[in-house]
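Undergrad: Below is the file structure_30.cif, which contains mmCIF, C-alpha atoms.
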data_my_file
#
loop_
_atom_site.group_PDB
_atom_site.id
_atom_site.type_symbol
_atom_site.label_atom_id
_atom_site.label_comp_id
_atom_site.auth_asym_id
_atom_site.auth_seq_id
_atom_site.Cartn_x
_atom_site.Cartn_y
_atom_site.Cartn_z
ATOM 1 C CA MET V 1123 40.562 63.353 69.954
ATOM 2 C CA LYS V 1124 40.602 66.477 72.120
ATOM 3 C CA ILE V 1125 38.904 69.380 70.376
ATOM 4 C CA GLY V 1126 39.158 72.806 71.964
ATOM 5 C CA VAL V 1127 36.295 75.297 71.747
ATOM 6 C CA VAL V 1128 37.292 78.899 72.425
ATOM 7 C CA THR V 1129 35.011 81.123 74.470
ATOM 8 C CA PHE V 1130 35.406 84.854 73.822
ATOM 9 C CA PRO V 1131 33.446 87.538 75.667
ATOM 10 C CA GLY V 1132 30.245 87.547 73.603
ATOM 11 C CA SER V 1133 30.499 83.995 72.222
ATOM 12 C CA LEU V 1134 27.038 82.428 71.986
ATOM 13 C CA ASP V 1135 27.461 79.011 70.436
ATOM 14 C CA ASP V 1136 30.442 77.723 72.375
ATOM 15 C CA VAL V 1137 28.318 75.353 74.491
ATOM 16 C CA ASP V 1138 26.479 74.022 71.421
ATOM 17 C CA ALA V 1139 29.830 73.512 69.687
ATOM 18 C CA GLN V 1140 31.146 71.614 72.721
ATOM 19 C CA ARG V 1141 28.036 69.424 72.687
ATOM 20 C CA ALA V 1142 28.418 68.781 68.955
ATOM 21 C CA VAL V 1143 32.026 67.749 69.574
ATOM 22 C CA ARG V 1144 30.858 65.215 72.175
ATOM 23 C CA VAL V 1145 27.999 63.960 69.973
ATOM 24 C CA GLY V 1146 30.627 63.527 67.269
ATOM 25 C CA GLY V 1147 32.556 61.217 69.570
ATOM 26 C CA HIS V 1148 35.319 63.534 70.752
ATOM 27 C CA GLU V 1149 36.371 65.134 73.994
ATOM 28 C CA ALA V 1150 35.463 68.835 74.166
ATOM 29 C CA VAL V 1151 37.967 71.086 75.910
ATOM 30 C CA ALA V 1152 36.909 74.600 76.912
ATOM 31 C CA LEU V 1153 39.501 77.213 75.919
ATOM 32 C CA TRP V 1154 39.469 80.788 77.208
ATOM 33 C CA HIS V 1155 40.231 83.832 75.049
ATOM 34 C CA GLY V 1156 42.499 85.302 77.720
ATOM 35 C CA ASP V 1157 44.830 82.299 78.031
ATOM 36 C CA HIS V 1158 48.013 81.697 76.047
ATOM 37 C CA ASP V 1159 47.202 77.989 76.258
ATOM 38 C CA LEU V 1160 45.587 75.433 73.934
ATOM 39 C CA ARG V 1161 45.621 72.804 76.732
ATOM 40 C CA GLY V 1162 47.040 70.080 74.521
ATOM 41 C CA VAL V 1163 44.119 69.875 72.087
ATOM 42 C CA ASP V 1164 44.366 68.240 68.658
ATOM 43 C CA ALA V 1165 42.051 70.717 66.907
ATOM 44 C CA VAL V 1166 40.292 74.009 67.635
ATOM 45 C CA ILE V 1167 36.809 75.363 66.950
ATOM 46 C CA LEU V 1168 36.061 79.101 67.037
ATOM 47 C CA PRO V 1169 32.303 79.268 67.702
ATOM 48 C CA GLY V 1170 29.599 81.681 66.619
ATOM 49 C CA GLY V 1171 28.365 84.706 68.496
ATOM 50 C CA PHE V 1172 29.288 88.358 68.838
ATOM 51 C CA SER V 1173 32.770 88.323 70.322
ATOM 52 C CA TYR V 1174 33.720 91.688 71.820
ATOM 53 C CA GLY V 1175 30.264 92.901 70.812
ATOM 54 C CA ASP V 1176 31.318 92.973 67.142
ATOM 55 C CA TYR V 1177 32.949 96.312 68.031
ATOM 56 C CA LEU V 1178 35.157 97.870 65.327
ATOM 57 C CA ARG V 1179 34.499 94.988 62.889
ATOM 58 C CA CYS V 1180 33.281 91.447 63.525
ATOM 59 C CA GLY V 1181 36.264 89.465 64.778
ATOM 60 C CA ALA V 1182 38.692 92.395 64.623
ATOM 61 C CA ILE V 1183 39.412 92.563 68.343
ATOM 62 C CA SER V 1184 39.170 88.810 69.001
ATOM 63 C CA ARG V 1185 41.976 88.329 66.521
ATOM 64 C CA PHE V 1186 44.386 89.926 68.982
ATOM 65 C CA SER V 1187 43.266 87.962 72.052
ATOM 66 C CA PRO V 1188 45.981 85.864 73.735
ATOM 67 C CA VAL V 1189 44.485 82.516 72.689
ATOM 68 C CA MET V 1190 44.402 83.573 69.036
ATOM 69 C CA SER V 1191 48.169 83.986 68.852
ATOM 70 C CA GLU V 1192 48.362 80.309 69.901
ATOM 71 C CA VAL V 1193 45.662 79.320 67.400
ATOM 72 C CA VAL V 1194 47.393 81.153 64.544
ATOM 73 C CA GLU V 1195 50.719 79.501 65.365
ATOM 74 C CA ALA V 1196 49.089 76.051 65.627
ATOM 75 C CA ALA V 1197 47.217 76.586 62.356
ATOM 76 C CA HIS V 1198 50.489 77.400 60.617
ATOM 77 C CA ARG V 1199 51.850 74.091 61.953
ATOM 78 C CA GLY V 1200 48.857 72.299 60.390
ATOM 79 C CA MET V 1201 46.422 71.915 63.307
ATOM 80 C CA PRO V 1202 42.814 71.622 62.098
ATOM 81 C CA VAL V 1203 40.888 74.824 62.907
ATOM 82 C CA LEU V 1204 37.173 75.359 62.209
ATOM 83 C CA GLY V 1205 35.571 78.792 62.484
ATOM 84 C CA ILE V 1206 31.783 78.950 62.447
ATOM 85 C CA CYS V 1207 29.985 82.248 61.758
ATOM 86 C CA ASN V 1208 31.758 84.708 64.082
ATOM 87 C CA GLY V 1209 34.619 82.195 64.121
ATOM 88 C CA PHE V 1210 34.802 82.473 60.315
ATOM 89 C CA GLN V 1211 34.980 86.264 60.689
ATOM 90 C CA ILE V 1212 37.808 85.907 63.221
ATOM 91 C CA LEU V 1213 39.750 83.587 60.871
ATOM 92 C CA CYS V 1214 39.442 86.144 58.046
ATOM 93 C CA GLU V 1215 40.537 88.995 60.321
ATOM 94 C CA SER V 1216 43.480 86.810 61.424
ATOM 95 C CA HIS V 1217 44.461 86.341 57.761
ATOM 96 C CA LEU V 1218 44.282 82.578 58.228
ATOM 97 C CA LEU V 1219 41.606 82.646 55.523
ATOM 98 C CA PRO V 1220 41.345 84.971 52.503
ATOM 99 C CA GLY V 1221 38.530 87.473 52.042
ATOM 100 C CA ALA V 1222 36.215 89.148 54.529
ATOM 101 C CA LEU V 1223 32.599 89.078 55.697
ATOM 102 C CA ILE V 1224 30.464 92.191 55.386
ATOM 103 C CA ARG V 1225 26.887 93.162 56.230
ATOM 104 C CA ASN V 1226 24.203 91.158 54.406
ATOM 105 C CA ASP V 1227 23.335 92.868 51.116
ATOM 106 C CA HIS V 1228 19.628 93.062 52.097
ATOM 107 C CA ARG V 1229 20.598 94.626 55.467
ATOM 108 C CA LYS V 1230 18.431 92.279 57.526
ATOM 109 C CA PHE V 1231 19.474 89.583 59.950
ATOM 110 C CA VAL V 1232 18.770 86.177 58.412
ATOM 111 C CA CYS V 1233 17.781 83.107 60.450
ATOM 112 C CA ARG V 1234 16.653 80.009 58.598
ATOM 113 C CA ASP V 1235 17.421 76.412 57.740
ATOM 114 C CA GLN V 1236 19.788 76.655 54.790
ATOM 115 C CA ARG V 1237 20.597 74.108 52.113
ATOM 116 C CA LEU V 1238 24.281 73.846 51.237
ATOM 117 C CA ARG V 1239 26.415 71.838 48.866
ATOM 118 C CA ILE V 1240 29.720 70.474 50.180
ATOM 119 C CA GLU V 1241 32.207 71.396 47.452
ATOM 120 C CA ASN V 1242 35.378 70.134 49.107
ATOM 121 C CA ALA V 1243 35.186 66.894 51.108
ATOM 122 C CA SER V 1244 38.932 66.546 51.570
ATOM 123 C CA THR V 1245 39.433 68.929 54.515
ATOM 124 C CA PRO V 1246 39.802 67.475 58.029
ATOM 125 C CA TRP V 1247 36.379 68.962 58.840
ATOM 126 C CA THR V 1248 34.429 67.714 55.801
ATOM 127 C CA SER V 1249 35.875 64.290 54.983
ATOM 128 C CA ALA V 1250 32.764 62.552 56.387
ATOM 129 C CA TYR V 1251 30.794 63.978 53.445
ATOM 130 C CA GLU V 1252 30.825 63.060 49.781
ATOM 131 C CA THR V 1253 31.854 65.857 47.426
ATOM 132 C CA GLY V 1254 28.628 67.369 46.129
ATOM 133 C CA ALA V 1255 26.610 66.258 49.181
ATOM 134 C CA GLU V 1256 23.634 68.511 49.877
ATOM 135 C CA ILE V 1257 22.917 69.245 53.526
ATOM 136 C CA THR V 1258 20.583 71.477 55.558
ATOM 137 C CA VAL V 1259 21.843 73.356 58.621
ATOM 138 C CA PRO V 1260 20.733 76.570 60.368
ATOM 139 C CA LEU V 1261 22.065 79.894 59.134
ATOM 140 C CA LYS V 1262 21.872 83.009 61.315
ATOM 141 C CA ASN V 1263 23.874 86.107 60.613
ATOM 142 C CA GLY V 1264 23.784 89.838 60.064
ATOM 143 C CA GLU V 1265 27.229 90.150 58.537
ATOM 144 C CA GLY V 1266 27.646 87.001 56.482
ATOM 145 C CA GLY V 1267 28.342 88.376 53.029
ATOM 146 C CA TYR V 1268 31.578 86.761 51.855
ATOM 147 C CA VAL V 1269 33.686 89.098 49.713
ATOM 148 C CA ALA V 1270 37.142 88.969 48.140
ATOM 149 C CA ASP V 1271 38.629 90.442 44.985
ATOM 150 C CA ALA V 1272 37.960 88.637 41.708
ATOM 151 C CA ALA V 1273 41.475 87.193 41.473
ATOM 152 C CA THR V 1274 41.165 85.691 44.957
ATOM 153 C CA LEU V 1275 37.734 84.227 44.142
ATOM 154 C CA ASP V 1276 39.097 82.719 40.921
ATOM 155 C CA ARG V 1277 41.986 81.197 42.852
ATOM 156 C CA LEU V 1278 39.683 79.793 45.550
ATOM 157 C CA GLU V 1279 37.496 78.150 42.928
ATOM 158 C CA GLY V 1280 40.448 76.957 40.853
ATOM 159 C CA GLU V 1281 42.267 75.401 43.814
ATOM 160 C CA GLY V 1282 39.186 73.784 45.324
ATOM 161 C CA GLN V 1283 39.260 76.056 48.364
ATOM 162 C CA VAL V 1284 35.501 76.677 48.301
ATOM 163 C CA VAL V 1285 34.266 74.259 50.975
ATOM 164 C CA ALA V 1286 30.512 74.913 50.787
ATOM 165 C CA ARG V 1287 28.084 76.898 48.657
ATOM 166 C CA TYR V 1288 24.548 78.151 49.309
ATOM 167 C CA LEU V 1289 21.719 76.419 47.453
ATOM 168 C CA ASP V 1290 18.135 77.606 46.842
ATOM 169 C CA GLY V 1291 19.013 81.288 46.782
ATOM 170 C CA ASN V 1292 21.823 83.389 48.181
ATOM 171 C CA PRO V 1293 20.872 84.399 51.747
ATOM 172 C CA ASN V 1294 23.337 87.238 52.358
ATOM 173 C CA GLY V 1295 24.973 88.466 49.164
ATOM 174 C CA SER V 1296 28.054 86.242 49.437
ATOM 175 C CA LEU V 1297 30.008 86.428 46.192
ATOM 176 C CA ARG V 1298 29.672 83.303 44.040
ATOM 177 C CA ASP V 1299 27.306 81.827 46.689
ATOM 178 C CA ILE V 1300 30.272 80.961 48.907
ATOM 179 C CA ALA V 1301 29.267 79.704 52.371
ATOM 180 C CA GLY V 1302 32.656 78.388 53.458
ATOM 181 C CA VAL V 1303 36.315 78.361 52.395
ATOM 182 C CA THR V 1304 39.572 76.708 53.390
ATOM 183 C CA ASN V 1305 43.199 77.830 53.312
ATOM 184 C CA GLU V 1306 45.790 76.583 50.816
ATOM 185 C CA ARG V 1307 46.939 73.835 53.159
ATOM 186 C CA GLY V 1308 43.349 72.746 53.790
ATOM 187 C CA ASN V 1309 43.532 72.555 57.594
ATOM 188 C CA VAL V 1310 41.698 75.821 58.352
ATOM 189 C CA VAL V 1311 38.010 75.981 57.435
ATOM 190 C CA GLY V 1312 35.581 78.877 57.859
ATOM 191 C CA LEU V 1313 31.840 78.379 57.498
ATOM 192 C CA MET V 1314 29.047 80.934 57.924
ATOM 193 C CA PRO V 1315 26.164 78.448 58.580
ATOM 194 C CA HIS V 1316 25.993 76.467 61.829
ATOM 195 C CA PRO V 1317 26.530 72.686 61.584
ATOM 196 C CA GLU V 1318 26.725 72.506 65.400
ATOM 197 C CA HIS V 1319 22.985 73.300 65.528
ATOM 198 C CA ALA V 1320 22.171 70.308 63.305
ATOM 199 C CA VAL V 1321 23.577 67.317 65.186
ATOM 200 C CA GLU V 1322 20.425 66.097 66.980
ATOM 201 C CA THR V 1323 16.857 65.856 65.634
ATOM 202 C CA LEU V 1324 15.387 67.092 68.927
ATOM 203 C CA THR V 1325 16.836 70.584 68.521
ATOM 204 C CA GLY V 1326 17.865 70.919 64.881
ATOM 205 C CA PRO V 1327 16.453 70.532 61.381
ATOM 206 C CA GLY V 1328 18.222 67.161 61.205
ATOM 207 C CA THR V 1329 21.669 65.728 61.752
ATOM 208 C CA ASP V 1330 23.268 66.936 58.524
ATOM 209 C CA GLY V 1331 25.819 69.014 60.436
ATOM 210 C CA LEU V 1332 27.265 66.102 62.361
ATOM 211 C CA GLY V 1333 29.788 65.314 59.627
ATOM 212 C CA PHE V 1334 31.815 68.404 60.581
ATOM 213 C CA PHE V 1335 32.368 66.836 64.003
ATOM 214 C CA THR V 1336 32.993 63.229 62.921
ATOM 215 C CA SER V 1337 35.315 63.966 59.993
ATOM 216 C CA LEU V 1338 38.436 64.192 62.165
ATOM 217 C CA VAL V 1339 38.007 60.571 63.259
ATOM 218 C CA GLU V 1340 37.303 59.334 59.745
ATOM 219 C CA ARG V 1341 40.426 61.095 58.566
ATOM 220 C CA VAL V 1342 42.549 59.393 61.217
ATOM 221 C CA LEU V 1343 41.090 55.975 60.390
ATOM 222 C CA ALA V 1344 41.406 56.478 56.639
ATOM 223 C CA MET B 1290 36.218 103.765 53.862
ATOM 224 C CA PRO B 1291 34.942 100.578 52.234
ATOM 225 C CA LYS B 1292 36.847 100.026 48.988
ATOM 226 C CA PRO B 1293 34.954 101.208 45.900
ATOM 227 C CA GLU B 1294 34.309 97.662 44.708
ATOM 228 C CA ILE B 1295 32.928 96.533 48.089
ATOM 229 C CA LEU B 1296 29.159 96.737 48.519
ATOM 230 C CA ASP B 1297 28.211 99.186 51.293
ATOM 231 C CA PRO B 1298 24.723 98.194 52.530
ATOM 232 C CA GLN B 1299 24.701 100.912 55.209
ATOM 233 C CA GLY B 1300 25.446 103.604 52.648
ATOM 234 C CA LYS B 1301 22.672 102.191 50.457
ATOM 235 C CA ALA B 1302 20.230 102.453 53.376
ATOM 236 C CA VAL B 1303 21.165 106.107 53.906
ATOM 237 C CA LEU B 1304 20.854 106.755 50.172
ATOM 238 C CA GLY B 1305 17.358 105.283 50.250
ATOM 239 C CA ALA B 1306 16.336 107.418 53.237
ATOM 240 C CA LEU B 1307 17.368 110.795 51.794
ATOM 241 C CA PRO B 1308 14.587 111.105 49.151
ATOM 242 C CA ARG B 1309 12.009 110.144 51.783
ATOM 243 C CA LEU B 1310 13.119 113.239 53.723
ATOM 244 C CA GLY B 1311 12.780 115.413 50.635
ATOM 245 C CA PHE B 1312 16.505 115.593 49.768
ATOM 246 C CA SER B 1313 17.117 114.982 46.086
ATOM 247 C CA GLY B 1314 20.120 114.853 43.780
ATOM 248 C CA VAL B 1315 22.284 112.478 45.819
ATOM 249 C CA THR B 1316 23.441 109.654 43.546
ATOM 250 C CA ASP B 1317 25.479 107.568 45.988
ATOM 251 C CA VAL B 1318 26.361 107.345 49.684
ATOM 252 C CA ARG B 1319 29.322 105.472 51.141
ATOM 253 C CA GLN B 1320 29.677 105.122 54.903
ATOM 254 C CA GLY B 1321 33.057 104.810 56.613
ATOM 255 C CA LYS B 1322 34.596 105.262 60.039
ATOM 256 C CA ARG B 1323 36.623 108.039 61.632
ATOM 257 C CA PHE B 1324 38.945 107.477 64.574
ATOM 258 C CA GLU B 1325 40.394 110.364 66.583
ATOM 259 C CA LEU B 1326 43.626 109.415 68.326
ATOM 260 C CA GLU B 1327 45.115 111.719 70.928
ATOM 261 C CA ILE B 1328 48.881 111.399 70.903
ATOM 262 C CA ASP B 1329 51.199 111.952 73.850
ATOM 263 C CA GLY B 1330 54.198 114.157 73.037
ATOM 264 C CA ASP B 1331 55.441 115.435 69.690
ATOM 265 C CA LEU B 1332 53.985 114.148 66.451
ATOM 266 C CA THR B 1333 57.194 112.887 64.872
ATOM 267 C CA ASP B 1334 57.447 110.913 61.629
ATOM 268 C CA GLU B 1335 58.081 107.862 63.766
ATOM 269 C CA VAL B 1336 54.827 108.395 65.672
ATOM 270 C CA LEU B 1337 52.943 108.971 62.424
ATOM 271 C CA GLU B 1338 54.341 105.721 61.057
ATOM 272 C CA GLN B 1339 53.126 103.952 64.186
ATOM 273 C CA VAL B 1340 49.672 105.422 63.659
ATOM 274 C CA ARG B 1341 49.703 104.095 60.094
ATOM 275 C CA GLN B 1342 50.599 100.666 61.455
ATOM 276 C CA MET B 1343 47.679 100.907 63.910
ATOM 277 C CA ALA B 1344 45.401 101.799 61.012
ATOM 278 C CA GLU B 1345 46.639 98.890 58.953
ATOM 279 C CA THR B 1346 46.619 96.205 61.637
ATOM 280 C CA LEU B 1347 43.599 97.014 63.787
ATOM 281 C CA LEU B 1348 41.598 100.117 62.853
ATOM 282 C CA SER B 1349 40.960 99.017 59.251
ATOM 283 C CA ASN B 1350 40.779 95.713 57.403
ATOM 284 C CA PRO B 1351 42.872 96.274 54.257
ATOM 285 C CA VAL B 1352 40.983 93.475 52.482
ATOM 286 C CA ILE B 1353 37.821 95.578 52.336
ATOM 287 C CA GLU B 1354 38.783 99.090 53.494
ATOM 288 C CA ASP B 1355 41.100 101.942 52.500
ATOM 289 C CA PHE B 1356 42.336 104.459 55.051
ATOM 290 C CA THR B 1357 43.974 107.860 55.179
ATOM 291 C CA VAL B 1358 45.822 109.429 58.097
ATOM 292 C CA SER B 1359 45.609 113.169 58.641
ATOM 293 C CA VAL B 1360 46.872 115.473 61.372
ATOM 294 C CA GLU B 1361 44.711 118.074 63.084
ATOM 295 C CA THR B 1362 46.238 120.432 65.610
ATOM 296 C CA THR B 1363 43.216 122.585 66.459
ATOM 297 C CA PRO B 1364 41.345 123.034 68.709
ATOM 298 C CA ALA B 1365 43.346 120.417 70.587
ATOM 299 C CA ALA B 1366 46.205 118.484 69.091
ATOM 300 C CA VAL B 1367 44.383 115.548 67.538
ATOM 301 C CA GLU B 1368 45.515 112.770 65.247
ATOM 302 C CA THR B 1369 42.769 111.395 63.053
ATOM 303 C CA VAL B 1370 42.467 108.247 61.045
ATOM 304 C CA GLN B 1371 39.645 107.687 58.600
ATOM 305 C CA SER B 1372 38.863 104.266 57.284
#
Render the structure in this file as structure tokens.
TA:
Amino acid sequence: MKIGVVTFPGSLDDVDAQRAVRVGGHEAVALWHGDHDLRGVDAVILPGGFSYGDYLRCGAISRFSPVMSEVVEAAHRGMPVLGICNGFQILCESHLLPGALIRNDHRKFVCRDQRLRIENASTPWTSAYETGAEITVPLKNGEGGYVADAATLDRLEGEGQVVARYLDGNPNGSLRDIAGVTNERGNVVGLMPHPEHAVETLTGPGTDGLGFFTSLVERVLA
Amino acid sequence: MPKPEILDPQGKAVLGALPRLGFSGVTDVRQGKRFELEIDGDLTDEVLEQVRQMAETLLSNPVIEDFTVSVETTPAAVETVQS
């Protein structure tokens, strides 16, 4: 499959995400924030970083970039979209995902290998995992606290829209230990930790993140 | 401004710093943003409504922030939005 990775001004992890896509057995297609063009891809990844310098709010300006109007339209048609870290923030600002991400409650940047539990293994990005699987991938953020009103959180939990939860302590104040969520349709996933940094043992804590980049194939074969 | 139910870590940091400087009696600090928009031409209701739309779509995130729009005409004609 062709998986597009968007580069915004200030993206940091776009090249790692492209590499993870290739390690996962797909073709990575570079997409540019300034183009109204998804170049025929089958799925899109919004990578981590500090797009537009995090000015105004994280993801607030990226949301209105030309490529995002295409991504939003494609997501509404059902195209799989994965937002990692800053990409998760952009998806929330775009209203493709509920809630928002605010500054870590302890006010410090956090960078560590983080254990997670996959709560929903039925999304196009997580179907390579078993529900309840525990994985370790890097986490690095300053504004990773997931917040939403209580009714929204109840709905997310009730409808199985919590994709991943933090284990071994909450690293950033995210409500109900939420590390990742999906939309009602299940095609859009946002995740604060970085599976793309855990696809090769040479550079990561393991290969636990690879499932996010192989799930699309497994879904097609299933 | 961040909504009352939303944690404001920056405000908490400021609150913690005040007693260290010898200021006492402050029980809470919330930190928000203020935008000053200079508007071309007359400030009609239509223009004000547009400013509200700007506040709602870009300047604030209604999921976590409230905003108010107020008009200031001195010293220079200035339109302000606080979120």
Undergrad: Fewer than 5 positions away in the same chain doesn't count, so skip those; otherwise give me all residues within 7 Å of V:Ile1206, counting all atoms listed in the file, as number ranges by chain.
TA: V: 1168-1170, 1312-1316
Undergrad: Give me, please, the distance in Å between atom CA of V:Tyr1177 and atom CA of B:Val1340, quoted to one decimal.
TA: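 Atom-to-atom, atom CA of V:Tyr1177 to atom CA of B:Val1340, that is 19.5 Å.
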Undergrad: To one decimal in Å, tell me the separation between atom CA of B:Phe1312 and atom CA of B:Gln1371.
TA: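 A separation of 26.0 Å between them.
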Undergrad: For chain V, report every residue with an atom at most 12 Å from chain B (counting only C-alpha atoms), formatted as a PDB file with C-alpha atoms, in the frame of the given file.
TA:
ATOM      1  CA  TYR V1177      32.949  96.312  68.031  1.00  0.00           C
ATOM      2  CA  LEU V1178      35.157  97.870  65.327  1.00  0.00           C
ATOM      3  CA  ARG V1179      34.499  94.988  62.889  1.00  0.00           C
ATOM      4  CA  CYS V1180      33.281  91.447  63.525  1.00  0.00           C
ATOM      5  CA  GLY V1181      36.264  89.465  64.778  1.00  0.00           C
ATOM      6  CA  ALA V1182      38.692  92.395  64.623  1.00  0.00           C
ATOM      7  CA  ILE V1183      39.412  92.563  68.343  1.00  0.00           C
ATOM      8  CA  SER V1184      39.170  88.810  69.001  1.00  0.00           C
ATOM      9  CA  ARG V1185      41.976  88.329  66.521  1.00  0.00           C
ATOM     10  CA  PHE V1186      44.386  89.926  68.982  1.00  0.00           C
ATOM     11  CA  GLN V1211      34.980  86.264  60.689  1.00  0.00           C
ATOM     12  CA  ILE V1212      37.808  85.907  63.221  1.00  0.00           C
ATOM     13  CA  CYS V1214      39.442  86.144  58.046  1.00  0.00           C
ATOM     14  CA  GLU V1215      40.537  88.995  60.321  1.00  0.00           C
ATOM     15  CA  SER V1216      43.480  86.810  61.424  1.00  0.00           C
ATOM     16  CA  HIS V1217      44.461  86.341  57.761  1.00  0.00           C
ATOM     17  CA  LEU V1219      41.606  82.646  55.523  1.00  0.00           C
ATOM     18  CA  PRO V1220      41.345  84.971  52.503  1.00  0.00           C
ATOM     19  CA  GLY V1221      38.530  87.473  52.042  1.00  0.00           C
ATOM     20  CA  ALA V1222      36.215  89.148  54.529  1.00  0.00           C
ATOM     21  CA  LEU V1223      32.599  89.078  55.697  1.00  0.00           C
ATOM     22  CA  ILE V1224      30.464  92.191  55.386  1.00  0.00           C
ATOM     23  CA  ARG V1225      26.887  93.162  56.230  1.00  0.00           C
ATOM     24  CA  ASN V1226      24.203  91.158  54.406  1.00  0.00           C
ATOM     25  CA  ASP V1227      23.335  92.868  51.116  1.00  0.00           C
ATOM     26  CA  HIS V1228      19.628  93.062  52.097  1.00  0.00           C
ATOM     27  CA  ARG V1229      20.598  94.626  55.467  1.00  0.00           C
ATOM     28  CA  LYS V1230      18.431  92.279  57.526  1.00  0.00           C
ATOM     29  CA  GLY V1264      23.784  89.838  60.064  1.00  0.00           C
ATOM     30  CA  GLU V1265      27.229  90.150  58.537  1.00  0.00           C
ATOM     31  CA  GLY V1267      28.342  88.376  53.029  1.00  0.00           C
ATOM     32  CA  TYR V1268      31.578  86.761  51.855  1.00  0.00           C
ATOM     33  CA  VAL V1269      33.686  89.098  49.713  1.00  0.00           C
ATOM     34  CA  ALA V1270      37.142  88.969  48.140  1.00  0.00           C
ATOM     35  CA  ASP V1271      38.629  90.442  44.985  1.00  0.00           C
ATOM     36  CA  ALA V1272      37.960  88.637  41.708  1.00  0.00           C
ATOM     37  CA  THR V1274      41.165  85.691  44.957  1.00  0.00           C
ATOM     38  CA  ASN V1294      23.337  87.238  52.358  1.00  0.00           C
ATOM     39  CA  GLY V1295      24.973  88.466  49.164  1.00  0.00           C
ATOM     40  CA  SER V1296      28.054  86.242  49.437  1.00  0.00           C
ATOM     41  CA  LEU V1297      30.008  86.428  46.192  1.00  0.00           C
TER      42      LEU V1297
END
Undergrad: Atom CA of V:Trp1154 and atom CA of V:Leu1324, how far apart in Å?
TA: 28.9 Å
Undergrad: As a PyMOL selection string, please: the residues near V:Thr1336 (cut-off 8 Å, only C-alpha atoms, same-chain neighbours under 6 positions excluded).
TA: chain V and resi 1146-1147+1247+1250
Undergrad: Rank V:Leu1332, V:Val1311, V:Leu1213, V:Val1194 by their smallest atom-to-atom distance to V:His1148, using all atoms listed in the file, and report the top residue only.
TA: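 The answer is V:Leu1332, which sits nearest to V:His1148.
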Undergrad: Could you give me the axis-aligned bounding box of stretch 1285-1297 of chain V, with 6 Å of padding per side, as centre plus edge lengths in Å to one decimal, as AutoDock Vina command-line options?
TA:
--center_x 26.2 --center_y 81.4 --center_z 49.3 --size_x 28.1 --size_y 26.2 --size_z 18.2
Undergrad: Please evaluate the PyMOL selection byres ((chain V and resi 1238-1242) around 9) against the displayed coordinates and give the resulting residues as a list in words.
TA: Gln1236, Arg1237, Ala1243, Ser1244, Thr1245, Thr1248, Ser1249, Tyr1251, Glu1252, Thr1253, Gly1254, Ala1255, Glu1256, Ile1257, Thr1258, Val1259, Gly1282, Gln1283, Val1284, Val1285, Ala1286, Arg1287, Tyr1288, Leu1289, Asp1290, Ala1301, Val1303, Thr1304 and Pro1315 of chain V
